[in-house]
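Structure file target11.csv (CSV, C-alpha atoms) is printed below.
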chain,number,residue,atom,x,y,z
H,7,MET,CA,-60.2,61.5,-19.1
H,8,ARG,CA,-58.4,62.1,-22.4
H,9,LEU,CA,-55.4,63.4,-20.5
H,10,LEU,CA,-55.3,60.2,-18.4
H,11,HIS,CA,-55.3,58.1,-21.6
H,12,LEU,CA,-52.4,60.1,-23.1
H,13,THR,CA,-50.4,59.8,-19.9
H,14,PHE,CA,-50.9,56.1,-19.8
H,15,LEU,CA,-50.0,55.6,-23.4
H,16,PHE,CA,-46.8,57.7,-23.0
H,17,SER,CA,-45.8,55.6,-20.0
H,18,ILE,CA,-46.2,52.3,-22.0
H,19,LEU,CA,-44.2,53.7,-24.9
H,20,SER,CA,-41.4,54.9,-22.6
H,21,LEU,CA,-41.2,51.5,-20.9
H,22,PHE,CA,-41.0,49.6,-24.2
H,23,SER,CA,-38.3,51.9,-25.7
H,24,SER,CA,-36.1,51.6,-22.7
H,25,ASP,CA,-36.3,47.8,-22.5
H,26,PRO,CA,-32.6,46.8,-22.4
H,27,ALA,CA,-33.3,43.4,-23.9
H,28,ARG,CA,-34.7,45.1,-27.0
H,29,LYS,CA,-32.1,47.8,-27.0
H,30,TYR,CA,-29.2,45.3,-27.3
H,31,SER,CA,-31.0,42.6,-29.2
H,32,ARG,CA,-28.6,40.9,-31.6
H,33,SER,CA,-31.5,39.6,-33.8
H,34,SER,CA,-32.6,43.0,-35.0
H,35,PRO,CA,-32.9,43.2,-38.9
H,36,GLU,CA,-31.1,46.6,-38.8
H,37,THR,CA,-27.9,45.1,-37.3
H,38,ASN,CA,-28.0,41.9,-39.4
H,39,GLU,CA,-26.3,40.1,-36.5
H,40,ILE,CA,-26.6,36.5,-35.3
H,41,PRO,CA,-28.6,35.9,-32.0
H,42,LEU,CA,-26.4,34.8,-29.1
H,43,SER,CA,-27.0,31.9,-26.8
H,44,ASP,CA,-27.9,32.6,-23.1
H,45,ASP,CA,-24.3,32.2,-22.0
H,46,SER,CA,-22.8,34.5,-24.6
H,47,VAL,CA,-21.7,38.0,-23.7
H,48,LEU,CA,-23.0,41.2,-25.4
H,49,ALA,CA,-20.8,44.3,-26.1
H,50,ASN,CA,-20.3,46.8,-23.3
H,51,ASP,CA,-22.8,49.7,-23.5
H,52,ALA,CA,-21.7,52.9,-25.2
H,53,GLU,CA,-21.2,54.7,-22.0
H,54,ALA,CA,-18.2,52.5,-21.0
H,55,ILE,CA,-16.6,51.3,-24.2
H,56,ALA,CA,-13.0,50.1,-23.6
H,57,THR,CA,-10.3,51.0,-26.1
H,58,ASN,CA,-6.9,49.7,-27.1
H,59,ILE,CA,-7.1,46.6,-24.9
H,60,LEU,CA,-7.6,44.0,-27.5
H,61,LEU,CA,-6.3,44.5,-31.1
H,62,GLN,CA,-6.6,42.2,-34.1
H,63,SER,CA,-4.6,42.0,-37.3
H,64,LYS,CA,-5.5,40.0,-40.4
H,65,ASP,CA,-2.7,41.3,-42.6
H,66,GLY,CA,0.4,40.0,-40.8
H,67,GLY,CA,0.6,42.9,-38.3
H,68,GLN,CA,0.6,45.7,-40.9
H,69,THR,CA,-2.6,47.2,-39.6
H,70,TRP,CA,-4.6,46.6,-36.3
H,71,GLN,CA,-8.3,46.9,-35.6
H,72,ASP,CA,-9.5,47.7,-32.1
H,73,MET,CA,-11.7,44.9,-30.8
H,74,SER,CA,-11.9,46.1,-27.2
H,75,GLN,CA,-15.5,47.1,-27.2
H,76,TRP,CA,-16.4,43.5,-27.8
H,77,LEU,CA,-14.5,42.1,-24.8
H,78,PRO,CA,-16.7,40.1,-22.4
H,79,GLU,CA,-15.5,42.1,-19.4
H,80,LYS,CA,-14.4,45.8,-19.2
H,81,GLU,CA,-11.2,45.2,-17.4
H,82,ILE,CA,-7.8,44.3,-18.9
H,83,PRO,CA,-7.8,40.5,-19.2
H,84,LEU,CA,-5.8,38.5,-16.7
H,85,ASP,CA,-4.6,36.2,-19.5
H,86,PHE,CA,-5.2,35.4,-23.1
H,87,PHE,CA,-4.7,32.1,-25.1
H,88,ALA,CA,-4.7,31.6,-28.8
H,89,GLY,CA,-5.0,28.3,-30.8
H,90,GLU,CA,-5.3,27.7,-34.5
H,91,THR,CA,-9.0,28.5,-34.6
H,92,ASP,CA,-10.1,29.7,-31.2
H,93,VAL,CA,-9.0,32.4,-28.7
H,94,TYR,CA,-9.7,32.5,-25.0
H,95,VAL,CA,-9.9,35.4,-22.5
H,96,ARG,CA,-9.5,34.8,-18.8
H,97,GLY,CA,-11.1,37.1,-16.3
H,98,GLU,CA,-11.0,37.0,-12.5
H,99,TYR,CA,-13.6,34.2,-12.2
H,100,THR,CA,-14.5,33.3,-15.7
H,101,MET,CA,-13.0,32.2,-19.1
H,102,TYR,CA,-14.5,33.0,-22.5
H,103,ARG,CA,-14.0,31.5,-25.9
H,104,SER,CA,-14.5,32.9,-29.4
H,105,LYS,CA,-13.6,31.8,-33.0
H,106,SER,CA,-10.4,33.7,-34.0
H,107,ASN,CA,-11.4,34.7,-37.5
H,108,LEU,CA,-14.7,36.5,-36.8
H,109,THR,CA,-15.1,40.2,-37.8
H,110,ILE,CA,-16.8,40.7,-34.4
H,111,PRO,CA,-15.9,38.2,-31.6
H,112,VAL,CA,-18.7,36.2,-30.1
H,113,TRP,CA,-17.7,35.3,-26.6
H,114,GLU,CA,-19.1,32.3,-24.9
H,115,LYS,CA,-18.3,31.0,-21.4
H,116,GLU,CA,-15.8,28.1,-21.3
H,117,ASN,CA,-16.6,25.5,-18.6
H,118,VAL,CA,-13.0,24.7,-17.7
H,119,PRO,CA,-12.5,23.8,-14.0
H,120,ALA,CA,-11.5,26.7,-11.8
H,121,PRO,CA,-11.5,29.1,-14.8
H,122,GLY,CA,-10.1,32.1,-12.9
H,123,ARG,CA,-6.9,30.1,-12.2
H,124,ALA,CA,-6.6,27.9,-15.4
H,125,SER,CA,-3.9,28.3,-18.0
H,126,LEU,CA,-4.4,26.7,-21.5
H,127,VAL,CA,-2.0,25.0,-23.8
H,128,PHE,CA,-2.7,23.8,-27.3
H,129,ASN,CA,-1.0,20.5,-27.7
H,130,ARG,CA,-0.9,18.0,-30.6
H,131,SER,CA,-3.5,15.7,-28.9
H,132,GLY,CA,-5.8,18.7,-28.1
H,133,LEU,CA,-6.5,21.5,-25.8
H,134,MET,CA,-5.3,21.2,-22.2
H,135,ALA,CA,-5.7,23.2,-19.0
H,136,HIS,CA,-3.4,23.3,-16.0
H,137,HIS,CA,-3.5,24.9,-12.6
H,138,TYR,CA,-0.6,26.0,-10.5
H,139,GLU,CA,-1.9,23.7,-7.7
H,140,GLY,CA,-1.0,20.7,-9.8
H,141,HIS,CA,-4.2,19.7,-11.7
H,142,VAL,CA,-4.1,19.0,-15.5
H,143,TYR,CA,-7.2,18.5,-17.7
H,144,LYS,CA,-7.8,17.7,-21.3
H,145,LYS,CA,-10.8,18.9,-23.2
H,146,ILE,CA,-12.9,16.2,-24.9
H,147,SER,CA,-13.9,17.9,-28.1
H,148,ALA,CA,-16.9,15.7,-28.8
H,149,THR,CA,-18.6,16.7,-25.6
H,150,GLY,CA,-16.9,19.9,-24.5
H,151,THR,CA,-16.2,18.5,-21.1
H,152,TRP,CA,-12.8,18.5,-19.3
H,153,GLN,CA,-11.2,15.2,-18.2
H,154,PRO,CA,-8.5,15.0,-15.5
H,155,VAL,CA,-5.2,13.6,-16.9
H,156,TYR,CA,-1.8,12.8,-15.4
H,157,THR,CA,-3.4,12.2,-12.1
H,158,ASN,CA,-0.4,10.3,-10.7
H,159,PHE,CA,1.8,13.3,-11.0
H,160,LYS,CA,2.0,14.5,-7.4
H,161,LYS,CA,4.0,17.7,-7.8
H,162,HIS,CA,2.5,21.2,-7.5
H,163,SER,CA,3.4,24.5,-9.2
H,164,ILE,CA,2.8,23.3,-12.8
H,165,ARG,CA,3.8,26.1,-15.2
H,166,THR,CA,3.3,24.3,-18.6
H,167,VAL,CA,2.4,21.1,-20.3
H,168,PHE,CA,4.2,20.3,-23.6
H,169,GLU,CA,3.7,17.4,-26.0
H,170,THR,CA,6.5,16.6,-28.5
H,171,SER,CA,6.1,15.4,-32.1
H,172,ASP,CA,6.9,11.8,-31.1
H,173,GLY,CA,4.5,11.6,-28.1
H,174,MET,CA,6.7,12.6,-25.1
H,175,ILE,CA,5.2,14.8,-22.4
H,176,PHE,CA,7.0,17.4,-20.4
H,177,LEU,CA,5.6,19.2,-17.3
H,178,GLY,CA,7.4,22.4,-16.4
H,179,CYS,CA,7.2,23.2,-12.7
H,180,ASP,CA,8.8,25.4,-10.1
H,181,GLU,CA,10.9,22.3,-9.2
H,182,GLY,CA,12.2,21.9,-12.8
H,183,LEU,CA,11.2,19.7,-15.7
H,184,PHE,CA,9.6,16.3,-15.7
H,185,LYS,CA,9.4,13.9,-18.7
H,186,SER,CA,7.1,11.0,-19.5
H,187,THR,CA,7.4,8.5,-22.4
H,188,ASP,CA,4.4,6.5,-21.5
H,189,GLN,CA,1.5,9.0,-21.7
H,190,GLY,CA,2.0,10.2,-18.1
H,191,GLN,CA,2.1,6.8,-16.4
H,192,SER,CA,5.6,7.5,-15.0
H,193,TRP,CA,7.7,10.6,-14.8
H,194,LYS,CA,11.5,11.3,-14.8
H,195,HIS,CA,13.0,14.5,-13.3
H,196,VAL,CA,15.3,15.6,-16.2
H,197,HIS,CA,16.1,19.2,-15.0
H,198,ASN,CA,16.3,20.5,-11.5
H,199,GLU,CA,17.9,24.0,-11.8
H,200,GLY,CA,14.9,26.1,-11.0
H,201,TRP,CA,11.6,26.5,-12.7
H,202,VAL,CA,10.7,25.9,-16.4
H,203,MET,CA,8.0,27.9,-18.0
H,204,SER,CA,7.7,27.1,-21.7
H,205,LEU,CA,9.2,24.9,-24.4
H,206,VAL,CA,9.3,24.7,-28.2
H,207,GLU,CA,10.6,22.0,-30.6
H,208,GLY,CA,12.2,22.0,-34.0
H,209,GLU,CA,14.4,19.6,-36.0
H,210,GLY,CA,15.1,17.4,-33.0
H,211,VAL,CA,16.1,20.3,-30.7
H,212,PHE,CA,14.2,21.5,-27.7
H,213,ILE,CA,14.5,25.1,-26.4
H,214,ALA,CA,13.0,26.2,-23.1
H,215,THR,CA,12.8,29.2,-20.8
H,216,GLY,CA,14.2,28.6,-17.3
H,217,ASP,CA,15.2,30.2,-14.1
H,218,LYS,CA,18.7,31.1,-15.4
H,219,GLY,CA,17.8,32.0,-19.0
H,220,ILE,CA,17.3,29.9,-22.1
H,221,MET,CA,18.3,26.3,-22.2
H,222,ARG,CA,18.6,23.6,-25.0
H,223,SER,CA,18.4,19.9,-25.3
H,224,THR,CA,19.4,17.7,-28.3
H,225,ASP,CA,18.8,14.2,-26.8
H,226,GLY,CA,15.0,14.2,-26.3
H,227,GLY,CA,15.1,16.3,-23.2
H,228,GLU,CA,17.3,14.0,-21.1
H,229,HIS,CA,20.0,16.6,-20.7
H,230,TRP,CA,19.9,20.4,-20.9
H,231,GLU,CA,22.5,23.1,-21.3
H,232,TRP,CA,22.2,26.9,-20.8
H,233,VAL,CA,22.7,28.7,-24.1
H,234,ILE,CA,21.7,32.1,-22.9
H,235,SER,CA,22.4,32.9,-19.3
H,236,GLU,CA,23.1,36.5,-18.3
H,237,GLY,CA,22.1,36.7,-14.7
H,238,GLY,CA,18.4,36.7,-15.5
H,239,VAL,CA,15.4,34.5,-16.4
H,240,GLY,CA,14.1,33.3,-19.7
H,241,ILE,CA,11.0,35.1,-20.8
H,242,ALA,CA,9.8,33.5,-24.1
H,243,VAL,CA,10.8,31.0,-26.8
H,244,GLU,CA,9.3,30.7,-30.3
H,245,ARG,CA,9.8,28.8,-33.5
H,246,ILE,CA,10.6,30.9,-36.5
H,247,ALA,CA,11.4,30.0,-40.1
H,248,GLY,CA,14.8,28.2,-40.0
H,249,GLY,CA,15.4,28.5,-36.3
H,250,PHE,CA,14.3,29.9,-33.0
H,251,ALA,CA,13.6,33.3,-31.3
H,252,ALA,CA,14.0,33.9,-27.6
H,253,ILE,CA,13.5,36.7,-25.1
H,254,SER,CA,15.7,36.7,-21.9
H,255,TYR,CA,16.6,39.1,-19.1
H,256,ASN,CA,20.1,40.5,-18.9
H,257,GLY,CA,21.2,41.1,-15.3
H,258,THR,CA,24.0,43.5,-16.3
H,259,THR,CA,22.0,45.9,-18.5
H,260,ARG,CA,18.8,45.2,-16.6
H,261,SER,CA,16.9,44.8,-19.8
H,262,ARG,CA,15.1,42.2,-21.8
H,263,ARG,CA,16.9,41.2,-25.1
H,264,ILE,CA,15.5,39.5,-28.2
H,265,ARG,CA,17.8,37.0,-30.0
H,266,ILE,CA,17.4,34.5,-32.9
H,267,SER,CA,19.3,31.3,-33.7
H,268,MET,CA,19.6,29.7,-37.1
H,269,ASP,CA,21.8,26.8,-36.1
H,270,GLY,CA,19.5,24.8,-33.8
H,271,GLY,CA,20.0,27.0,-30.8
H,272,LYS,CA,23.8,26.7,-30.5
H,273,ASN,CA,24.5,30.4,-31.3
H,274,TRP,CA,22.3,33.4,-30.8
H,275,LYS,CA,22.3,36.9,-32.3
H,276,ALA,CA,20.7,40.0,-30.7
H,277,ILE,CA,18.2,41.7,-33.0
H,278,ASP,CA,16.8,44.4,-30.7
H,279,GLU,CA,19.3,47.2,-31.0
H,280,ARG,CA,17.1,49.3,-33.4
H,281,ILE,CA,14.1,49.3,-31.1
H,282,GLN,CA,16.2,50.4,-28.1
H,283,THR,CA,15.2,47.8,-25.5
H,284,ALA,CA,13.6,49.5,-22.5
H,285,MET,CA,15.8,49.4,-19.4
H,286,PHE,CA,14.5,47.9,-16.2
H,287,VAL,CA,15.1,50.3,-13.3
H,288,LEU,CA,14.3,49.2,-9.8
H,289,PRO,CA,11.9,51.6,-8.0
H,290,MET,CA,13.7,54.3,-6.2
H,291,ASN,CA,13.0,57.9,-5.2
H,292,GLY,CA,9.3,57.4,-6.1
H,293,MET,CA,10.1,56.3,-9.7
H,294,GLU,CA,8.4,53.2,-11.1
H,295,ALA,CA,10.0,50.4,-13.0
H,296,SER,CA,10.0,50.8,-16.8
H,297,GLY,CA,8.0,48.5,-19.1
H,298,LEU,CA,9.6,45.5,-20.7
H,299,ILE,CA,9.5,43.7,-24.0
H,300,SER,CA,6.7,41.0,-23.8
H,301,SER,CA,6.8,38.8,-26.9
H,302,ILE,CA,8.1,38.0,-30.3
H,303,LYS,CA,6.2,36.2,-33.1
H,304,GLN,CA,6.7,35.5,-36.7
H,305,MET,CA,3.8,35.9,-39.2
H,306,GLY,CA,4.8,35.2,-42.8
H,307,THR,CA,8.2,36.9,-43.4
H,308,HIS,CA,7.7,39.5,-40.6
H,309,LEU,CA,8.7,39.4,-37.0
H,310,VAL,CA,6.2,41.1,-34.6
H,311,CYS,CA,7.3,42.4,-31.3
H,312,GLY,CA,5.3,43.6,-28.3
H,313,HIS,CA,7.3,46.5,-26.9
H,314,PRO,CA,6.6,49.1,-24.1
H,315,ARG,CA,6.5,51.8,-26.8
H,316,GLY,CA,4.1,49.9,-29.0
H,317,ILE,CA,3.9,47.1,-31.6
H,318,TYR,CA,6.9,46.8,-33.9
H,319,LEU,CA,7.3,44.9,-37.2
H,320,SER,CA,10.5,43.7,-38.9
H,321,PRO,CA,10.6,42.4,-42.5
H,322,ASP,CA,14.3,41.4,-42.3
H,323,MET,CA,14.8,39.4,-39.1
H,324,GLY,CA,15.5,42.3,-36.9
H,325,ARG,CA,17.8,44.4,-39.0
H,326,THR,CA,15.2,47.1,-39.2
H,327,TRP,CA,12.0,47.7,-37.3
H,328,LYS,CA,8.9,49.9,-37.8
H,329,MET,CA,6.3,50.8,-35.2
H,330,VAL,CA,2.8,49.9,-36.5
H,331,HIS,CA,0.8,50.7,-33.4
H,332,SER,CA,1.7,53.0,-30.5
H,333,GLY,CA,1.7,51.8,-26.9
H,334,VAL,CA,-0.3,52.8,-23.8
H,335,ASP,CA,1.3,54.4,-20.8
H,336,LYS,CA,2.8,51.9,-18.3
H,337,LYS,CA,1.4,48.9,-20.3
H,338,VAL,CA,2.7,46.6,-22.9
H,339,TYR,CA,1.1,44.6,-25.7
H,340,LYS,CA,1.6,40.9,-25.8
H,341,ILE,CA,1.4,39.3,-29.2
H,342,TYR,CA,-0.5,36.1,-30.0
H,343,ALA,CA,-1.0,34.1,-33.2
H,344,ALA,CA,-4.2,32.2,-33.9
H,345,GLY,CA,-3.6,30.6,-37.3
H,346,PRO,CA,-3.3,33.5,-39.8
H,347,VAL,CA,-4.7,36.1,-37.3
H,348,LEU,CA,-2.6,38.1,-34.9
H,349,TYR,CA,-3.9,39.5,-31.6
H,350,ALA,CA,-2.3,42.1,-29.3
H,351,VAL,CA,-3.5,42.1,-25.7
H,352,LEU,CA,-2.7,45.0,-23.4
H,353,MET,CA,-1.0,43.7,-20.2
H,354,ALA,CA,0.5,45.2,-17.1
H,355,GLU,CA,4.1,46.3,-17.7
H,356,GLY,CA,6.7,43.6,-17.1
H,357,CYS,CA,4.5,40.7,-18.0

Take the structure in the file and write it out as structure tokens.
Amino acid sequence: MRLLHLTFLFSILSLFSSDPARKYSRSSPETNEIPLSDDSVLANDAEAIATNILLQSKDGGQTWQDMSQWLPEKEIPLDFFAGETDVYVRGEYTMYRSKSNLTIPVWEKENVPAPGRASLVFNRSGLMAHHYEGHVYKKISATGTWQPVYTNFKKHSIRTVFETSDGMIFLGCDEGLFKSTDQGQSWKHVHNEGWVMSLVEGEGVFIATGDKGIMRSTDGGEHWEWVISEGGVGIAVERIAGGFAAISYNGTTRSRRIRISMDGGKNWKAIDERIQTAMFVLPMNGMEASGLISSIKQMGTHLVCGHPRGIYLSPDMGRTWKMVHSGVDKKVYKIYAAGPVLYAVLMAEGC
């Protein structure tokens, strides 16, 4: 009888100690962590911890901390979005949100419509989401719900939504660029030379990526001129202190180039010679295409670049560069700024 009692007691203790809810409880006094809501996501278990997928820097890119084990899903994110105070991770079917300044991210599901297909933009009037199929939504901060906007815009293939400092709205699409001066009640087709992906604004000048490179407008977006056009597309445009930065594809060298402009986008200077821009080689004889430069950001006085070989930092506007974090084979880090915090997200090469 004593043996039966011992066996029963051992079974109860084993069952309790293996309880996964207790094992991963965030309210344990030993961990001193805050309990999560039911729709929050716990860290991956120790047997499948991801590494080098999501990095965070709070010192302007000088050092990077690996936050990968706290990702809500184990796979490389399909997309990442960063605002002043919040960051968002998009998976195949779900989108998650966390405050950007936390030591350990706390991811909660975002109830954006069709989360697996949504892209986010942080505009002056608030957070917006758009789908390639043509839907645009605005998040109502007081309720956390998403409200359809610009419902009279009948085009599809929306790539971006951009609000200017004086209230104009631009929709970049595969069919070009559309402009509204009446909060989306009516639209004017102001550019029809291929798709437009992203826009930035500074000192009365608009710079945008397009199908033929980088383009510029000085009259409120009514007319556009190509300022960088080298047989390839525009990849990225950014505001930097005193000017703009851009990444574009050069069809002759078959590489992505980084340039800056300090005269309102009229003239551009290449600043990537010292980091030896990776060449794009079409697949042949079983060889794969090389990785490509993904992004350029400014944090303080430093430029930060996501490069196939790793993350590079420049203190002098591209005259010199220093690698601060090595890359991962056949992947590239894309750099995001969330207020004073930088994030680097591992993406498939060529993103």

* Kindly give the distance, in Å, that separates CA of Thr151 in chain H and CA of Lys115 in chain H, rounded to a single decimal. =>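 One can read the CA of Thr151 in chain H to CA of Lys115 in chain H distance as 12.7 Å.
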
* Asked: Once you count only C-alpha atoms, which residues end up no further than 10 Å from (-6.7, 12.5, -17.3) in the file's frame, shown as number ranges by chain?
  -> H: 141-145, 152-158, 189-190

* **H:Gly173, H:Gly66, H:Gly345, H:Gly324 ranked by distance to Arg280 in chain H, top pick (using only C-alpha atoms)** =>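 That would be H:Gly324, the residue with the smallest distance to Arg280 in chain H.
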
* Asked: Using only C-alpha atoms, which residues sit within 7 Å of Ala276 in chain H once same-chain residues fewer than 5 positions away are excluded, as a list in words?
  ->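 Here the answer would be Arg263, Ile264, Arg265 and Ile266 of chain H.
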
Generate the output file for the selected residues, C-alpha atoms, as a compact mmCIF listing (two decimals), in the coordinates of the input.
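The result, written out as result_37.txt:
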# COMPACT_ATOMS: atom_id res chain seq x y z
CA ARG H 263 16.90 41.20 -25.10
CA ILE H 264 15.50 39.50 -28.20
CA ARG H 265 17.80 37.00 -30.00
CA ILE H 266 17.40 34.50 -32.90

* At what distance in Å, to one decimal, does CA of Ser204 in chain H lie from CA of Lys218 in chain H? ->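 Taking CA of Lys218 in chain H as the start and CA of Ser204 in chain H as the end point, the length is 13.3 Å.
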
* If you count only C-alpha atoms, which residues fall within 9 Å of Val206 in chain H, apart from same-chain ones fewer than 3 positions away, as an MDAnalysis selection string? -> chainID H and resid 168 170 211:214 243:245 250

Export, as an mmCIF file, in the coordinates of the input, the selected residues with C-alpha atoms.
data_model
loop_
_atom_site.group_PDB
_atom_site.id
_atom_site.type_symbol
_atom_site.label_atom_id
_atom_site.label_comp_id
_atom_site.auth_asym_id
_atom_site.auth_seq_id
_atom_site.Cartn_x
_atom_site.Cartn_y
_atom_site.Cartn_z
ATOM 1 C CA PHE H 168 4.200 20.300 -23.600
ATOM 2 C CA THR H 170 6.500 16.600 -28.500
ATOM 3 C CA VAL H 211 16.100 20.300 -30.700
ATOM 4 C CA PHE H 212 14.200 21.500 -27.700
ATOM 5 C CA ILE H 213 14.500 25.100 -26.400
ATOM 6 C CA ALA H 214 13.000 26.200 -23.100
ATOM 7 C CA VAL H 243 10.800 31.000 -26.800
ATOM 8 C CA GLU H 244 9.300 30.700 -30.300
ATOM 9 C CA ARG H 245 9.800 28.800 -33.500
ATOM 10 C CA PHE H 250 14.300 29.900 -33.000
#

* To do: Name the residues in contact with range 299-316 of chain H at a cut-off of 6 Å, using only C-alpha atoms, excluding same-chain residues fewer than 4 positions from it; report them as a VMD selection string.
  => chain H and resid 66 320 to 321 331 to 333 338 to 341

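Reported to one decimal place, the separation of CA of Leu126 in chain H from CA of Ile175 in chain H is 15.3 Å.
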
* To do: Return the single residue from H:Gly67, H:Gly270, H:Gly97, H:Gly200 that is closest to Tyr318 in chain H, with distances computed using all atoms listed in the file.
  =>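 Nearest candidate to Tyr318 in chain H out of H:Gly67, H:Gly270, H:Gly97, H:Gly200: H:Gly67.
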
* To do: Counting only C-alpha atoms, figure out which residue out of H:Ser261, H:Thr166, H:Gln62, H:Asn273 gets nearest to Ala350 in chain H.
  => H:Gln62

* Asked: So which residues touch Trp274 in chain H within 12 Å, counting only C-alpha atoms, skipping near sequence neighbours fewer than 3 positions away, as JSON, numbers by chain?
  -> {"H": [220, 221, 222, 232, 233, 234, 235, 249, 250, 251, 252, 253, 254, 263, 264, 265, 266, 267, 268, 269, 270, 271, 277]}

Those residues you just picked out, can you put them in a file as a compact mmCIF listing (two decimals), in the frame of the given file with C-alpha atoms?
# COMPACT_ATOMS: atom_id res chain seq x y z
CA ILE H 220 17.30 29.90 -22.10
CA MET H 221 18.30 26.30 -22.20
CA ARG H 222 18.60 23.60 -25.00
CA TRP H 232 22.20 26.90 -20.80
CA VAL H 233 22.70 28.70 -24.10
CA ILE H 234 21.70 32.10 -22.90
CA SER H 235 22.40 32.90 -19.30
CA GLY H 249 15.40 28.50 -36.30
CA PHE H 250 14.30 29.90 -33.00
CA ALA H 251 13.60 33.30 -31.30
CA ALA H 252 14.00 33.90 -27.60
CA ILE H 253 13.50 36.70 -25.10
CA SER H 254 15.70 36.70 -21.90
CA ARG H 263 16.90 41.20 -25.10
CA ILE H 264 15.50 39.50 -28.20
CA ARG H 265 17.80 37.00 -30.00
CA ILE H 266 17.40 34.50 -32.90
CA SER H 267 19.30 31.30 -33.70
CA MET H 268 19.60 29.70 -37.10
CA ASP H 269 21.80 26.80 -36.10
CA GLY H 270 19.50 24.80 -33.80
CA GLY H 271 20.00 27.00 -30.80
CA ILE H 277 18.20 41.70 -33.00

* **Surrounding residues of Gln68 in chain H excluding itself and chain neighbours under 2 positions, 8 Å, only C-alpha atoms, as a VMD selection string** => chain H and resid 63 65 to 66 70 319 330

* **Radius query 6 Å about (-11.3, 33.7, -34.7), atoms used: all atoms listed in the file, as a VMD selection string** => chain H and resid 91 to 92 105 to 108

Now that the selection is made, can you save its residues with C-alpha atoms as an mmCIF file, keeping the file's coordinate frame?
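Final output, out.cif:
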data_model
loop_
_atom_site.group_PDB
_atom_site.id
_atom_site.type_symbol
_atom_site.label_atom_id
_atom_site.label_comp_id
_atom_site.auth_asym_id
_atom_site.auth_seq_id
_atom_site.Cartn_x
_atom_site.Cartn_y
_atom_site.Cartn_z
ATOM 1 C CA THR H 91 -9.000 28.500 -34.600
ATOM 2 C CA ASP H 92 -10.100 29.700 -31.200
ATOM 3 C CA LYS H 105 -13.600 31.800 -33.000
ATOM 4 C CA SER H 106 -10.400 33.700 -34.000
ATOM 5 C CA ASN H 107 -11.400 34.700 -37.500
ATOM 6 C CA LEU H 108 -14.700 36.500 -36.800
#

Limit the output to C-alpha atoms and give range 201-240 of chain H as a PDB file, in the first residue's frame.
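result.pdb was written with the following content:
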ATOM      1  CA  TRP H 201       4.714  52.688 -60.105  1.00  0.00           C
ATOM      2  CA  VAL H 202       5.528  54.910 -57.116  1.00  0.00           C
ATOM      3  CA  MET H 203       6.511  53.190 -53.873  1.00  0.00           C
ATOM      4  CA  SER H 204       7.506  55.791 -51.244  1.00  0.00           C
ATOM      5  CA  LEU H 205       7.753  59.556 -50.712  1.00  0.00           C
ATOM      6  CA  VAL H 206       9.459  61.996 -48.339  1.00  0.00           C
ATOM      7  CA  GLU H 207       9.165  65.760 -47.924  1.00  0.00           C
ATOM      8  CA  GLY H 208      11.494  68.556 -46.850  1.00  0.00           C
ATOM      9  CA  GLU H 209      11.671  72.331 -47.319  1.00  0.00           C
ATOM     10  CA  GLY H 210       8.947  72.369 -49.962  1.00  0.00           C
ATOM     11  CA  VAL H 211      10.524  69.522 -51.972  1.00  0.00           C
ATOM     12  CA  PHE H 212       9.106  66.031 -52.510  1.00  0.00           C
ATOM     13  CA  ILE H 213      11.383  63.073 -53.330  1.00  0.00           C
ATOM     14  CA  ALA H 214       9.931  59.701 -54.365  1.00  0.00           C
ATOM     15  CA  THR H 215      10.978  56.263 -55.559  1.00  0.00           C
ATOM     16  CA  GLY H 216       9.653  55.273 -58.942  1.00  0.00           C
ATOM     17  CA  ASP H 217       9.806  52.745 -61.735  1.00  0.00           C
ATOM     18  CA  LYS H 218      12.708  54.596 -63.394  1.00  0.00           C
ATOM     19  CA  GLY H 219      14.675  55.660 -60.318  1.00  0.00           C
ATOM     20  CA  ILE H 220      14.339  58.676 -58.014  1.00  0.00           C
ATOM     21  CA  MET H 221      12.100  61.627 -58.883  1.00  0.00           C
ATOM     22  CA  ARG H 222      11.556  65.134 -57.501  1.00  0.00           C
ATOM     23  CA  SER H 223       8.789  67.740 -57.333  1.00  0.00           C
ATOM     24  CA  THR H 224       9.007  71.376 -56.241  1.00  0.00           C
ATOM     25  CA  ASP H 225       5.431  72.468 -57.012  1.00  0.00           C
ATOM     26  CA  GLY H 226       3.371  70.489 -54.534  1.00  0.00           C
ATOM     27  CA  GLY H 227       3.545  67.243 -56.471  1.00  0.00           C
ATOM     28  CA  GLU H 228       1.918  68.602 -59.624  1.00  0.00           C
ATOM     29  CA  HIS H 229       4.929  67.868 -61.826  1.00  0.00           C
ATOM     30  CA  TRP H 230       7.833  65.455 -61.395  1.00  0.00           C
ATOM     31  CA  GLU H 231      11.327  65.114 -62.876  1.00  0.00           C
ATOM     32  CA  TRP H 232      13.733  62.195 -62.720  1.00  0.00           C
ATOM     33  CA  VAL H 233      16.856  63.221 -60.780  1.00  0.00           C
ATOM     34  CA  ILE H 234      18.418  59.735 -60.622  1.00  0.00           C
ATOM     35  CA  SER H 235      17.628  57.461 -63.541  1.00  0.00           C
ATOM     36  CA  GLU H 236      20.229  54.837 -64.434  1.00  0.00           C
ATOM     37  CA  GLY H 237      18.247  52.069 -66.033  1.00  0.00           C
ATOM     38  CA  GLY H 238      16.816  50.792 -62.753  1.00  0.00           C
ATOM     39  CA  VAL H 239      14.201  51.413 -60.099  1.00  0.00           C
ATOM     40  CA  GLY H 240      14.204  53.560 -56.979  1.00  0.00           C
TER      41      GLY H 240
END
